[in-house]
file entry_7.txt (compact mmCIF, C-alpha atoms (C1' of nucleotides))
# COMPACT_ATOMS: atom_id res chain seq x y z
CA MET Q 1 -9.62 -21.64 -48.29
CA GLY Q 2 -7.20 -21.98 -45.40
CA ALA Q 3 -9.60 -22.99 -42.67
CA THR Q 4 -9.95 -26.54 -41.48
CA LYS Q 5 -13.07 -28.09 -43.03
CA ARG Q 6 -14.42 -29.66 -39.89
CA PHE Q 7 -17.82 -30.37 -41.38
CA ILE Q 8 -16.52 -33.04 -43.72
CA TYR Q 9 -15.47 -35.32 -40.86
CA ASN Q 10 -17.64 -37.26 -38.51
CA GLN Q 11 -17.99 -36.38 -34.88
CA SER Q 12 -15.63 -38.96 -33.45
CA ILE Q 13 -12.82 -37.90 -35.76
CA ASN Q 14 -13.24 -34.26 -34.87
CA GLU Q 15 -13.29 -35.22 -31.23
CA ILE Q 16 -9.91 -36.92 -31.42
CA ALA Q 17 -8.43 -33.95 -33.27
CA ASN Q 18 -9.83 -31.50 -30.73
CA ILE Q 19 -8.41 -33.47 -27.85
CA ALA Q 20 -5.03 -33.73 -29.51
CA LYS Q 21 -5.00 -30.01 -30.15
CA VAL Q 22 -4.94 -29.29 -26.43
CA PHE Q 23 -1.68 -31.20 -26.10
CA ALA Q 24 -0.26 -29.97 -29.38
CA HIS Q 25 1.58 -27.02 -27.83
CA PRO Q 26 4.51 -27.53 -25.48
CA ALA Q 27 3.40 -24.70 -23.22
CA ARG Q 28 0.14 -26.51 -22.55
CA VAL Q 29 1.90 -29.79 -21.91
CA ALA Q 30 4.27 -28.01 -19.53
CA ILE Q 31 1.39 -26.27 -17.77
CA LEU Q 32 -0.48 -29.54 -17.22
CA LYS Q 33 2.67 -31.21 -15.96
CA TYR Q 34 3.41 -28.36 -13.59
CA ILE Q 35 -0.12 -28.13 -12.26
CA SER Q 36 -0.20 -31.85 -11.64
CA GLU Q 37 2.95 -31.57 -9.55
CA GLN Q 38 1.67 -28.81 -7.31
CA GLU Q 39 -0.94 -28.53 -4.68
CA GLY Q 40 -3.10 -26.25 -6.72
CA CYS Q 41 -1.35 -23.56 -8.68
CA ILE Q 42 -1.27 -19.93 -9.62
CA ASN Q 43 -0.67 -18.18 -12.86
CA ASN Q 44 2.36 -16.23 -11.69
CA ASP Q 45 4.17 -19.40 -10.71
CA LEU Q 46 3.65 -20.62 -14.22
CA VAL Q 47 4.99 -17.37 -15.65
CA ASP Q 48 8.22 -17.80 -13.70
CA GLU Q 49 8.38 -21.51 -14.22
CA ILE Q 50 7.72 -21.60 -17.95
CA GLY Q 51 9.06 -18.26 -19.10
CA LEU Q 52 6.21 -16.88 -21.15
CA SER Q 53 4.38 -13.67 -20.43
CA GLN Q 54 1.45 -13.61 -18.06
CA ALA Q 55 -0.90 -12.88 -20.94
CA THR Q 56 0.30 -15.85 -22.92
CA ILE Q 57 0.09 -18.24 -19.98
CA SER Q 58 -3.40 -17.02 -19.25
CA GLN Q 59 -4.36 -17.65 -22.84
CA HIS Q 60 -3.02 -21.20 -22.81
CA LEU Q 61 -4.78 -21.82 -19.53
CA SER Q 62 -8.04 -20.84 -21.11
CA VAL Q 63 -7.50 -23.27 -23.99
CA ILE Q 64 -6.94 -26.05 -21.46
CA GLY Q 65 -9.88 -24.83 -19.44
CA ASP Q 66 -12.22 -24.62 -22.42
CA ALA Q 67 -11.47 -28.26 -23.08
CA GLY Q 68 -12.80 -28.97 -19.60
CA LEU Q 69 -9.48 -30.08 -18.15
CA LEU Q 70 -9.27 -27.58 -15.30
CA LYS Q 71 -11.03 -26.99 -12.09
CA GLY Q 72 -10.13 -23.54 -10.93
CA ARG Q 73 -11.19 -21.78 -7.81
CA PHE Q 74 -10.12 -18.47 -6.38
CA GLU Q 75 -8.38 -18.43 -3.06
CA GLY Q 76 -8.33 -14.77 -2.36
CA LYS Q 77 -6.87 -13.09 -5.38
CA LYS Q 78 -4.95 -16.15 -6.39
CA LYS Q 79 -6.45 -18.76 -8.57
CA CYS Q 80 -5.79 -22.34 -7.70
CA TYR Q 81 -5.94 -24.67 -10.60
CA CYS Q 82 -6.47 -28.33 -10.40
CA ILE Q 83 -6.75 -30.86 -13.18
CA ASN Q 84 -10.22 -32.22 -13.78
CA ILE Q 85 -9.30 -35.87 -13.47
CA GLU Q 86 -12.58 -37.24 -14.78
CA ARG Q 87 -12.24 -35.27 -17.97
CA PHE Q 88 -8.54 -35.99 -18.20
CA GLU Q 89 -9.23 -39.71 -17.98
CA GLU Q 90 -11.94 -39.38 -20.58
CA PHE Q 91 -9.35 -37.87 -22.92
CA GLN Q 92 -6.90 -40.61 -22.11
CA ILE Q 93 -9.46 -43.31 -22.86
CA LEU Q 94 -10.67 -41.73 -26.09
CA LEU Q 95 -7.16 -41.31 -27.41
CA ASN Q 96 -6.18 -44.77 -26.35
CA SER Q 97 -9.19 -46.36 -28.02
CA PHE Q 98 -8.30 -44.56 -31.20
CA PHE Q 99 -4.84 -46.09 -31.04
CA ILE Q 100 -6.18 -49.53 -30.26
CA LYS Q 101 -8.82 -49.45 -32.97
CA THR Q 102 -6.37 -48.22 -35.56
CA LYS Q 103 -3.81 -50.85 -34.67
CA THR Q 104 -6.34 -53.66 -34.71
CA ASN Q 105 -7.58 -52.85 -38.17
CA CYS Q 106 -4.12 -52.42 -39.52
CA CYS Q 107 -2.60 -54.61 -42.19
CA MET P 1 6.91 -13.04 -31.64
CA GLY P 2 4.26 -15.40 -32.94
CA ALA P 3 6.36 -18.52 -33.23
CA THR P 4 6.26 -21.28 -30.64
CA LYS P 5 9.30 -21.01 -28.35
CA ARG P 6 10.29 -24.64 -28.40
CA PHE P 7 13.68 -24.00 -26.86
CA ILE P 8 12.26 -23.07 -23.47
CA TYR P 9 10.81 -26.55 -22.93
CA ASN P 10 12.63 -29.75 -22.29
CA GLN P 11 12.84 -32.51 -24.80
CA SER P 12 10.15 -34.75 -23.37
CA ILE P 13 7.61 -31.95 -23.32
CA ASN P 14 8.33 -31.02 -26.91
CA GLU P 15 8.08 -34.67 -27.84
CA ILE P 16 4.55 -34.97 -26.46
CA ALA P 17 3.49 -31.78 -28.23
CA ASN P 18 4.97 -32.95 -31.52
CA ILE P 19 3.19 -36.27 -31.29
CA ALA P 20 -0.10 -34.62 -30.44
CA LYS P 21 0.29 -32.25 -33.36
CA VAL P 22 0.08 -35.14 -35.80
CA PHE P 23 -3.37 -36.03 -34.50
CA ALA P 24 -4.48 -32.44 -34.06
CA HIS P 25 -6.08 -32.18 -37.48
CA PRO P 26 -9.19 -34.21 -38.35
CA ALA P 27 -7.92 -34.92 -41.86
CA ARG P 28 -4.90 -36.69 -40.41
CA VAL P 29 -7.02 -38.66 -37.98
CA ALA P 30 -9.32 -39.64 -40.85
CA ILE P 31 -6.37 -40.61 -43.04
CA LEU P 32 -4.89 -42.86 -40.37
CA LYS P 33 -8.25 -44.45 -39.73
CA TYR P 34 -8.82 -45.07 -43.42
CA ILE P 35 -5.36 -46.45 -44.07
CA SER P 36 -5.68 -48.80 -41.15
CA GLU P 37 -8.90 -50.19 -42.60
CA GLN P 38 -7.47 -50.90 -46.04
CA GLU P 39 -5.00 -53.31 -47.46
CA GLY P 40 -2.50 -50.61 -48.29
CA CYS P 41 -3.90 -47.47 -49.79
CA ILE P 42 -3.58 -44.90 -52.51
CA ASN P 43 -3.84 -41.15 -52.43
CA ASN P 44 -6.81 -40.87 -54.79
CA ASP P 45 -8.90 -43.16 -52.65
CA LEU P 46 -8.27 -40.75 -49.81
CA VAL P 47 -9.17 -37.80 -51.99
CA ASP P 48 -12.53 -39.36 -52.80
CA GLU P 49 -13.05 -40.70 -49.32
CA ILE P 50 -12.19 -37.57 -47.39
CA GLY P 51 -13.11 -34.83 -49.82
CA LEU P 52 -10.02 -32.67 -49.84
CA SER P 53 -7.90 -31.97 -52.89
CA GLN P 54 -5.13 -34.31 -53.90
CA ALA P 55 -2.51 -31.70 -53.00
CA THR P 56 -3.93 -31.25 -49.53
CA ILE P 57 -4.13 -34.96 -48.85
CA SER P 58 -0.57 -35.34 -50.02
CA GLN P 59 0.50 -32.59 -47.66
CA HIS P 60 -1.20 -34.23 -44.68
CA LEU P 61 0.33 -37.56 -45.66
CA SER P 62 3.75 -36.00 -45.53
CA VAL P 63 3.12 -34.64 -42.03
CA ILE P 64 2.13 -38.12 -40.92
CA GLY P 65 5.07 -39.57 -42.81
CA ASP P 66 7.59 -37.10 -41.37
CA ALA P 67 6.50 -38.23 -37.93
CA GLY P 68 7.57 -41.72 -38.94
CA LEU P 69 4.08 -43.19 -38.92
CA LEU P 70 3.97 -44.40 -42.52
CA LYS P 71 5.59 -47.08 -44.55
CA GLY P 72 4.93 -46.32 -48.20
CA ARG P 73 5.99 -48.19 -51.31
CA PHE P 74 5.12 -47.72 -54.95
CA GLU P 75 3.25 -50.41 -56.79
CA GLY P 76 3.43 -49.19 -60.32
CA LYS P 77 2.03 -45.70 -60.32
CA LYS P 78 0.11 -46.25 -57.14
CA LYS P 79 1.57 -45.71 -53.74
CA CYS P 80 0.60 -48.13 -51.05
CA TYR P 81 0.69 -46.73 -47.58
CA CYS P 82 0.84 -48.74 -44.46
CA ILE P 83 1.01 -47.60 -40.87
CA ASN P 84 4.34 -48.10 -39.17
CA ILE P 85 3.01 -50.04 -36.22
CA GLU P 86 6.22 -49.91 -34.19
CA ARG P 87 6.27 -46.14 -34.33
CA PHE P 88 2.53 -45.91 -33.83
CA GLU P 89 2.81 -47.99 -30.68
CA GLU P 90 5.67 -45.82 -29.49
CA PHE P 91 3.40 -42.80 -29.82
CA GLN P 92 0.64 -44.59 -27.98
CA ILE P 93 2.96 -45.47 -25.13
CA LEU P 94 4.52 -42.02 -24.85
CA LEU P 95 1.15 -40.31 -24.77
CA ASN P 96 -0.23 -42.81 -22.33
CA SER P 97 2.70 -42.42 -19.96
CA PHE P 98 2.18 -38.69 -20.03
CA PHE P 99 -1.42 -39.23 -18.99
CA ILE P 100 -0.47 -41.70 -16.29
CA LYS P 101 2.33 -39.56 -14.89
CA THR P 102 0.16 -36.48 -14.85
CA LYS P 103 -2.69 -38.28 -13.14
CA THR P 104 -0.45 -39.82 -10.53
CA ASN P 105 1.05 -36.53 -9.47
CA CYS P 106 -2.28 -34.84 -9.39
CA CYS P 107 -3.93 -33.52 -6.26
C1' DT D 1 -11.96 4.15 -0.40
C1' DC D 2 -7.20 3.56 -2.17
C1' DG D 3 -3.47 1.05 -3.48
C1' DT D 4 -1.78 -3.17 -4.96
C1' DA D 5 -1.26 -7.96 -6.46
C1' DA D 6 -3.15 -11.57 -9.37
C1' DT D 7 -5.50 -12.70 -13.32
C1' DA D 8 -8.22 -11.85 -17.69
C1' DT D 9 -8.99 -9.50 -21.91
C1' DT D 10 -7.92 -6.80 -25.96
C1' DG D 11 -5.45 -5.52 -29.94
C1' DC D 12 -1.88 -6.37 -32.85
C1' DA D 13 2.34 -8.25 -35.14
C1' DA D 14 4.80 -12.40 -36.38
C1' DT D 15 4.48 -16.91 -37.72
C1' DA D 16 2.25 -21.37 -38.80
C1' DT D 17 -1.23 -24.08 -40.86
C1' DT D 18 -4.63 -25.30 -44.14
C1' DA D 19 -6.27 -25.67 -48.71
C1' DC D 20 -6.01 -25.66 -53.59
C1' DG D 21 -4.63 -24.89 -58.52
C1' DA D 22 -0.86 -25.50 -61.49
C1' DT D 23 3.06 -27.97 -62.81
C1' DG D 24 6.13 -31.78 -63.24
C1' DA D 25 7.66 -36.50 -62.74
C1' DT D 26 6.80 -41.30 -63.35
C1' DA D 27 4.78 -45.48 -64.95
C1' DA D 28 1.20 -48.18 -66.94
C1' DA D 29 -2.09 -48.41 -70.86
C1' DA D 30 -3.52 -47.45 -75.46
C1' DT C 1 4.73 -42.53 -78.99
C1' DT C 2 0.84 -40.55 -76.92
C1' DT C 3 -2.34 -40.66 -73.42
C1' DT C 4 -3.86 -41.30 -68.87
C1' DA C 5 -3.50 -42.03 -63.93
C1' DT C 6 -1.11 -41.25 -59.68
C1' DC C 7 1.38 -38.63 -56.67
C1' DA C 8 4.78 -34.84 -54.96
C1' DT C 9 5.94 -30.14 -54.91
C1' DC C 10 5.54 -25.12 -55.53
C1' DG C 11 3.28 -20.87 -55.07
C1' DT C 12 -0.15 -18.45 -52.93
C1' DA C 13 -4.46 -17.05 -50.53
C1' DA C 14 -7.19 -17.61 -46.44
C1' DT C 15 -7.28 -18.54 -41.80
C1' DA C 16 -5.48 -19.85 -37.18
C1' DT C 17 -2.17 -19.67 -33.59
C1' DT C 18 1.29 -17.72 -30.75
C1' DG C 19 3.15 -14.15 -27.99
C1' DC C 20 3.30 -9.76 -25.85
C1' DA C 21 2.27 -4.93 -24.28
C1' DA C 22 -1.33 -2.37 -22.67
C1' DT C 23 -5.33 -2.23 -20.31
C1' DA C 24 -9.20 -4.07 -17.64
C1' DT C 25 -11.00 -6.57 -13.81
C1' DT C 26 -11.15 -8.69 -9.38
C1' DA C 27 -10.21 -9.24 -4.61
C1' DC C 28 -7.78 -8.20 -0.72
C1' DG C 29 -5.54 -5.35 2.98
C1' DA C 30 -4.54 -0.85 4.87
call {"tool": "encode", "arguments": {"input": "entry_7.txt", "output": "structure tokens"}}
result
Amino acid sequence: MGATKRFIYNQSINEIANIAKVFAHPARVAILKYISEQEGCINNDLVDEIGLSQATISQHLSVIGDAGLLKGRFEGKKKCYCINIERFEEFQILLNSFFIKTKTNCC
Amino acid sequence: MGATKRFIYNQSINEIANIAKVFAHPARVAILKYISEQEGCINNDLVDEIGLSQATISQHLSVIGDAGLLKGRFEGKKKCYCINIERFEEFQILLNSFFIKTKTNCC
DNA sequence: TCGTAATATTGCAATATTACGATGATAAAA
DNA sequence: TTTTATCATCGTAATATTGCAATATTACGA
């Protein structure tokens, strides 16, 4: 009890939910917004900008990264993040098709 | 500690996160999909269809409903749900603009 | 090699979410 | 009136998420 029963849903439904989950925390939305506005980006900027601890920002970054939305490369000791546009667009399209399909079928 | 610090983000960021949260559970995605495919809908159909308990389905329905995505009316003892298309489209547009804005600013 | 800055990881406490049984309310059917 | 069906709510257990301090790791410059 308590855990999401992923196995009872089909793959495309789980996919939508997983995508949505990335955007379901304001810190992650703020991080994506901020990264998109910069030329690359470093963690410490985000700490100052957003106001969460470095550990917490790093954690959120890894959630975004695990979803495939980040390209990160080290420039010296700083890490420059960049949004993986291909993946980001994939998310956009998948979500949007869900909306369109749902609307079309609707009463 | 532990709770999301909503107050440190601006309104539009929280709005995106709140919208995403509705779709961030596969049961809610499945419910929306199913409702959209029916002429109205009742809870027990969803219980059979999805395979969660009636209480759990009802809980998810209220999350979707609190977000403003449902129009529900009773027909006798059955409750007929319908998606609130206006609100649903609003969500679609808000999410999509977030994607577009983020992409545009991106490196 | 040492010191330091940037980032990642770990461990833990606080809080939120998910799921379900039990209970209650309501309305049709018997 | 009693029964049955539908749905919401409450209480609670299991699990997940969030956030941070402490600690590691990594990479650079002196």
call {"tool": "calpha_fit_and_write", "arguments": {"input": "entry_7.txt", "fixed": "chain P", "moving": "chain Q", "output": "PDB file with C-alpha atoms, keeping the file's coordinate frame"}}
result
ATOM      1  CA  MET Q   1       6.788 -12.906 -31.507  1.00  0.00           C
ATOM      2  CA  GLY Q   2       4.182 -15.343 -32.769  1.00  0.00           C
ATOM      3  CA  ALA Q   3       6.307 -18.444 -33.090  1.00  0.00           C
ATOM      4  CA  THR Q   4       6.233 -21.231 -30.566  1.00  0.00           C
ATOM      5  CA  LYS Q   5       9.269 -20.943 -28.278  1.00  0.00           C
ATOM      6  CA  ARG Q   6      10.272 -24.567 -28.374  1.00  0.00           C
ATOM      7  CA  PHE Q   7      13.666 -23.952 -26.829  1.00  0.00           C
ATOM      8  CA  ILE Q   8      12.246 -23.080 -23.435  1.00  0.00           C
ATOM      9  CA  TYR Q   9      10.811 -26.566 -22.916  1.00  0.00           C
ATOM     10  CA  ASN Q  10      12.637 -29.763 -22.255  1.00  0.00           C
ATOM     11  CA  GLN Q  11      12.860 -32.529 -24.780  1.00  0.00           C
ATOM     12  CA  SER Q  12      10.176 -34.786 -23.375  1.00  0.00           C
ATOM     13  CA  ILE Q  13       7.625 -31.985 -23.326  1.00  0.00           C
ATOM     14  CA  ASN Q  14       8.351 -31.040 -26.904  1.00  0.00           C
ATOM     15  CA  GLU Q  15       8.093 -34.675 -27.851  1.00  0.00           C
ATOM     16  CA  ILE Q  16       4.578 -34.996 -26.475  1.00  0.00           C
ATOM     17  CA  ALA Q  17       3.510 -31.804 -28.236  1.00  0.00           C
ATOM     18  CA  ASN Q  18       4.995 -32.966 -31.531  1.00  0.00           C
ATOM     19  CA  ILE Q  19       3.221 -36.282 -31.313  1.00  0.00           C
ATOM     20  CA  ALA Q  20      -0.065 -34.629 -30.468  1.00  0.00           C
ATOM     21  CA  LYS Q  21       0.311 -32.270 -33.391  1.00  0.00           C
ATOM     22  CA  VAL Q  22       0.105 -35.151 -35.845  1.00  0.00           C
ATOM     23  CA  PHE Q  23      -3.342 -36.038 -34.534  1.00  0.00           C
ATOM     24  CA  ALA Q  24      -4.439 -32.449 -34.078  1.00  0.00           C
ATOM     25  CA  HIS Q  25      -6.065 -32.187 -37.510  1.00  0.00           C
ATOM     26  CA  PRO Q  26      -9.163 -34.187 -38.388  1.00  0.00           C
ATOM     27  CA  ALA Q  27      -7.912 -34.893 -41.893  1.00  0.00           C
ATOM     28  CA  ARG Q  28      -4.892 -36.675 -40.459  1.00  0.00           C
ATOM     29  CA  VAL Q  29      -7.003 -38.643 -38.022  1.00  0.00           C
ATOM     30  CA  ALA Q  30      -9.320 -39.617 -40.874  1.00  0.00           C
ATOM     31  CA  ILE Q  31      -6.389 -40.591 -43.084  1.00  0.00           C
ATOM     32  CA  LEU Q  32      -4.888 -42.837 -40.402  1.00  0.00           C
ATOM     33  CA  LYS Q  33      -8.256 -44.428 -39.750  1.00  0.00           C
ATOM     34  CA  TYR Q  34      -8.847 -45.036 -43.433  1.00  0.00           C
ATOM     35  CA  ILE Q  35      -5.395 -46.432 -44.081  1.00  0.00           C
ATOM     36  CA  SER Q  36      -5.720 -48.779 -41.145  1.00  0.00           C
ATOM     37  CA  GLU Q  37      -8.944 -50.148 -42.596  1.00  0.00           C
ATOM     38  CA  GLN Q  38      -7.530 -50.888 -46.020  1.00  0.00           C
ATOM     39  CA  GLU Q  39      -5.063 -53.299 -47.402  1.00  0.00           C
ATOM     40  CA  GLY Q  40      -2.572 -50.637 -48.260  1.00  0.00           C
ATOM     41  CA  CYS Q  41      -3.930 -47.457 -49.739  1.00  0.00           C
ATOM     42  CA  ILE Q  42      -3.595 -44.876 -52.439  1.00  0.00           C
ATOM     43  CA  ASN Q  43      -3.828 -41.152 -52.407  1.00  0.00           C
ATOM     44  CA  ASN Q  44      -6.713 -40.926 -54.852  1.00  0.00           C
ATOM     45  CA  ASP Q  45      -8.882 -43.131 -52.681  1.00  0.00           C
ATOM     46  CA  LEU Q  46      -8.282 -40.721 -49.869  1.00  0.00           C
ATOM     47  CA  VAL Q  47      -9.207 -37.772 -52.071  1.00  0.00           C
ATOM     48  CA  ASP Q  48     -12.572 -39.355 -52.841  1.00  0.00           C
ATOM     49  CA  GLU Q  49     -13.069 -40.681 -49.369  1.00  0.00           C
ATOM     50  CA  ILE Q  50     -12.204 -37.547 -47.423  1.00  0.00           C
ATOM     51  CA  GLY Q  51     -13.137 -34.798 -49.841  1.00  0.00           C
ATOM     52  CA  LEU Q  52     -10.050 -32.631 -49.871  1.00  0.00           C
ATOM     53  CA  SER Q  53      -7.956 -31.886 -52.910  1.00  0.00           C
ATOM     54  CA  GLN Q  54      -5.178 -34.209 -53.954  1.00  0.00           C
ATOM     55  CA  ALA Q  55      -2.603 -31.585 -53.041  1.00  0.00           C
ATOM     56  CA  THR Q  56      -3.974 -31.181 -49.557  1.00  0.00           C
ATOM     57  CA  ILE Q  57      -4.173 -34.915 -48.908  1.00  0.00           C
ATOM     58  CA  SER Q  58      -0.628 -35.306 -50.125  1.00  0.00           C
ATOM     59  CA  GLN Q  59       0.473 -32.584 -47.761  1.00  0.00           C
ATOM     60  CA  HIS Q  60      -1.212 -34.194 -44.766  1.00  0.00           C
ATOM     61  CA  LEU Q  61       0.283 -37.521 -45.733  1.00  0.00           C
ATOM     62  CA  SER Q  62       3.711 -35.997 -45.622  1.00  0.00           C
ATOM     63  CA  VAL Q  63       3.102 -34.615 -42.128  1.00  0.00           C
ATOM     64  CA  ILE Q  64       2.123 -38.104 -40.983  1.00  0.00           C
ATOM     65  CA  GLY Q  65       5.046 -39.562 -42.865  1.00  0.00           C
ATOM     66  CA  ASP Q  66       7.565 -37.102 -41.451  1.00  0.00           C
ATOM     67  CA  ALA Q  67       6.498 -38.214 -38.005  1.00  0.00           C
ATOM     68  CA  GLY Q  68       7.546 -41.716 -39.017  1.00  0.00           C
ATOM     69  CA  LEU Q  69       4.054 -43.184 -38.955  1.00  0.00           C
ATOM     70  CA  LEU Q  70       3.926 -44.432 -42.539  1.00  0.00           C
ATOM     71  CA  LYS Q  71       5.546 -47.113 -44.524  1.00  0.00           C
ATOM     72  CA  GLY Q  72       4.926 -46.363 -48.145  1.00  0.00           C
ATOM     73  CA  ARG Q  73       5.971 -48.330 -51.144  1.00  0.00           C
ATOM     74  CA  PHE Q  74       5.152 -47.866 -54.785  1.00  0.00           C
ATOM     75  CA  GLU Q  75       3.234 -50.561 -56.549  1.00  0.00           C
ATOM     76  CA  GLY Q  76       3.506 -49.394 -60.078  1.00  0.00           C
ATOM     77  CA  LYS Q  77       2.398 -45.811 -60.142  1.00  0.00           C
ATOM     78  CA  LYS Q  78       0.247 -46.222 -57.097  1.00  0.00           C
ATOM     79  CA  LYS Q  79       1.606 -45.738 -53.672  1.00  0.00           C
ATOM     80  CA  CYS Q  80       0.545 -48.160 -51.023  1.00  0.00           C
ATOM     81  CA  TYR Q  81       0.632 -46.780 -47.567  1.00  0.00           C
ATOM     82  CA  CYS Q  82       0.784 -48.777 -44.451  1.00  0.00           C
ATOM     83  CA  ILE Q  83       0.974 -47.612 -40.872  1.00  0.00           C
ATOM     84  CA  ASN Q  84       4.321 -48.092 -39.194  1.00  0.00           C
ATOM     85  CA  ILE Q  85       3.028 -50.036 -36.225  1.00  0.00           C
ATOM     86  CA  GLU Q  86       6.227 -49.886 -34.202  1.00  0.00           C
ATOM     87  CA  ARG Q  87       6.271 -46.125 -34.370  1.00  0.00           C
ATOM     88  CA  PHE Q  88       2.537 -45.906 -33.846  1.00  0.00           C
ATOM     89  CA  GLU Q  89       2.841 -47.965 -30.679  1.00  0.00           C
ATOM     90  CA  GLU Q  90       5.718 -45.814 -29.534  1.00  0.00           C
ATOM     91  CA  PHE Q  91       3.431 -42.791 -29.849  1.00  0.00           C
ATOM     92  CA  GLN Q  92       0.679 -44.577 -28.006  1.00  0.00           C
ATOM     93  CA  ILE Q  93       2.998 -45.486 -25.142  1.00  0.00           C
ATOM     94  CA  LEU Q  94       4.545 -42.033 -24.862  1.00  0.00           C
ATOM     95  CA  LEU Q  95       1.177 -40.333 -24.783  1.00  0.00           C
ATOM     96  CA  ASN Q  96      -0.201 -42.831 -22.351  1.00  0.00           C
ATOM     97  CA  SER Q  97       2.729 -42.447 -19.975  1.00  0.00           C
ATOM     98  CA  PHE Q  98       2.209 -38.723 -20.032  1.00  0.00           C
ATOM     99  CA  PHE Q  99      -1.389 -39.258 -18.981  1.00  0.00           C
ATOM    100  CA  ILE Q 100      -0.444 -41.734 -16.294  1.00  0.00           C
ATOM    101  CA  LYS Q 101       2.344 -39.601 -14.882  1.00  0.00           C
ATOM    102  CA  THR Q 102       0.184 -36.510 -14.824  1.00  0.00           C
ATOM    103  CA  LYS Q 103      -2.672 -38.302 -13.121  1.00  0.00           C
ATOM    104  CA  THR Q 104      -0.435 -39.878 -10.511  1.00  0.00           C
ATOM    105  CA  ASN Q 105       1.079 -36.600  -9.447  1.00  0.00           C
ATOM    106  CA  CYS Q 106      -2.236 -34.875  -9.360  1.00  0.00           C
ATOM    107  CA  CYS Q 107      -3.807 -33.461  -6.234  1.00  0.00           C
TER     108      CYS Q 107
END
call {"tool": "closest_residue", "arguments": {"input": "entry_7.txt", "among": "D:DT1, D:DG11, D:DA6, D:DT17", "to": "chain P", "atoms": "all atoms listed in the file"}}
result
D:DT17
call {"tool": "atom_distance", "arguments": {"input": "entry_7.txt", "atom1": "CA of Ala30 in chain P", "atom2": "CA of Gln92 in chain P"}}
result
17.0 Å
call {"tool": "atom_distance", "arguments": {"input": "entry_7.txt", "atom1": "CA of Ala20 in chain Q", "atom2": "CA of Lys21 in chain P"}}
result
6.7 Å
call {"tool": "atom_distance", "arguments": {"input": "entry_7.txt", "atom1": "CA of Asn18 in chain Q", "atom2": "CA of Ala24 in chain P"}}
result
6.4 Å
call {"tool": "interface_residues", "arguments": {"input": "entry_7.txt", "of": "chain Q", "to": "chain C", "cutoff": "12 Å", "atoms": "only C-alpha atoms (C1' of nucleotides)", "output": "PDB file with C-alpha atoms, keeping the file's coordinate frame"}}
result
ATOM      1  CA  MET Q   1      -9.620 -21.640 -48.290  1.00  0.00           C
ATOM      2  CA  GLY Q   2      -7.200 -21.980 -45.400  1.00  0.00           C
ATOM      3  CA  ALA Q   3      -9.600 -22.990 -42.670  1.00  0.00           C
ATOM      4  CA  THR Q   4      -9.950 -26.540 -41.480  1.00  0.00           C
ATOM      5  CA  LYS Q   5     -13.070 -28.090 -43.030  1.00  0.00           C
ATOM      6  CA  LYS Q  21      -5.000 -30.010 -30.150  1.00  0.00           C
ATOM      7  CA  ALA Q  24      -0.260 -29.970 -29.380  1.00  0.00           C
ATOM      8  CA  HIS Q  25       1.580 -27.020 -27.830  1.00  0.00           C
ATOM      9  CA  PRO Q  26       4.510 -27.530 -25.480  1.00  0.00           C
ATOM     10  CA  ALA Q  27       3.400 -24.700 -23.220  1.00  0.00           C
ATOM     11  CA  GLY Q  51       9.060 -18.260 -19.100  1.00  0.00           C
ATOM     12  CA  LEU Q  52       6.210 -16.880 -21.150  1.00  0.00           C
ATOM     13  CA  SER Q  53       4.380 -13.670 -20.430  1.00  0.00           C
ATOM     14  CA  GLN Q  54       1.450 -13.610 -18.060  1.00  0.00           C
ATOM     15  CA  ALA Q  55      -0.900 -12.880 -20.940  1.00  0.00           C
ATOM     16  CA  THR Q  56       0.300 -15.850 -22.920  1.00  0.00           C
ATOM     17  CA  ILE Q  57       0.090 -18.240 -19.980  1.00  0.00           C
ATOM     18  CA  SER Q  58      -3.400 -17.020 -19.250  1.00  0.00           C
ATOM     19  CA  GLN Q  59      -4.360 -17.650 -22.840  1.00  0.00           C
ATOM     20  CA  HIS Q  60      -3.020 -21.200 -22.810  1.00  0.00           C
ATOM     21  CA  VAL Q  63      -7.500 -23.270 -23.990  1.00  0.00           C
ATOM     22  CA  PHE Q  74     -10.120 -18.470  -6.380  1.00  0.00           C
ATOM     23  CA  GLU Q  75      -8.380 -18.430  -3.060  1.00  0.00           C
ATOM     24  CA  GLY Q  76      -8.330 -14.770  -2.360  1.00  0.00           C
ATOM     25  CA  LYS Q  77      -6.870 -13.090  -5.380  1.00  0.00           C
ATOM     26  CA  LYS Q  78      -4.950 -16.150  -6.390  1.00  0.00           C
ATOM     27  CA  LYS Q  79      -6.450 -18.760  -8.570  1.00  0.00           C
TER      28      LYS Q  79
END
call {"tool": "closest_residue", "arguments": {"input": "entry_7.txt", "among": "P:Leu69, P:Ile31, P:Ile85, P:Cys80", "to": "chain Q", "atoms": "all atoms listed in the file"}}
result
P:Ile85
call {"tool": "closest_atom_pairs", "arguments": {"input": "entry_7.txt", "of": "chain D", "to": "chain Q", "cutoff": "8 Å", "atoms": "all atoms listed in the file", "output": "Markdown table"}}
result
| residue | atom | partner | partner_atom | distance |
| --- | --- | --- | --- | --- |
| D:DA5 | C1' | Q:Lys77 | CA | 7.7 |
| D:DA6 | C1' | Q:Lys77 | CA | 5.7 |
| D:DT7 | C1' | Q:Asn43 | CA | 7.3 |
| D:DA8 | C1' | Q:Ser58 | CA | 7.2 |
| D:DT17 | C1' | Q:Gly2 | CA | 7.8 |
| D:DT18 | C1' | Q:Gly2 | CA | 4.4 |
| D:DA19 | C1' | Q:Gly2 | CA | 5.0 |
| D:DC20 | C1' | Q:Met1 | CA | 7.6 |
call {"tool": "axis_aligned_box", "arguments": {"input": "entry_7.txt", "around": "range 80-84 of chain P", "padding_each_side": "8 Å", "output": "AutoDock Vina command-line options"}}
result
--center_x 2.5 --center_y -47.7 --center_z -45.1 --size_x 19.7 --size_y 18.0 --size_z 27.9
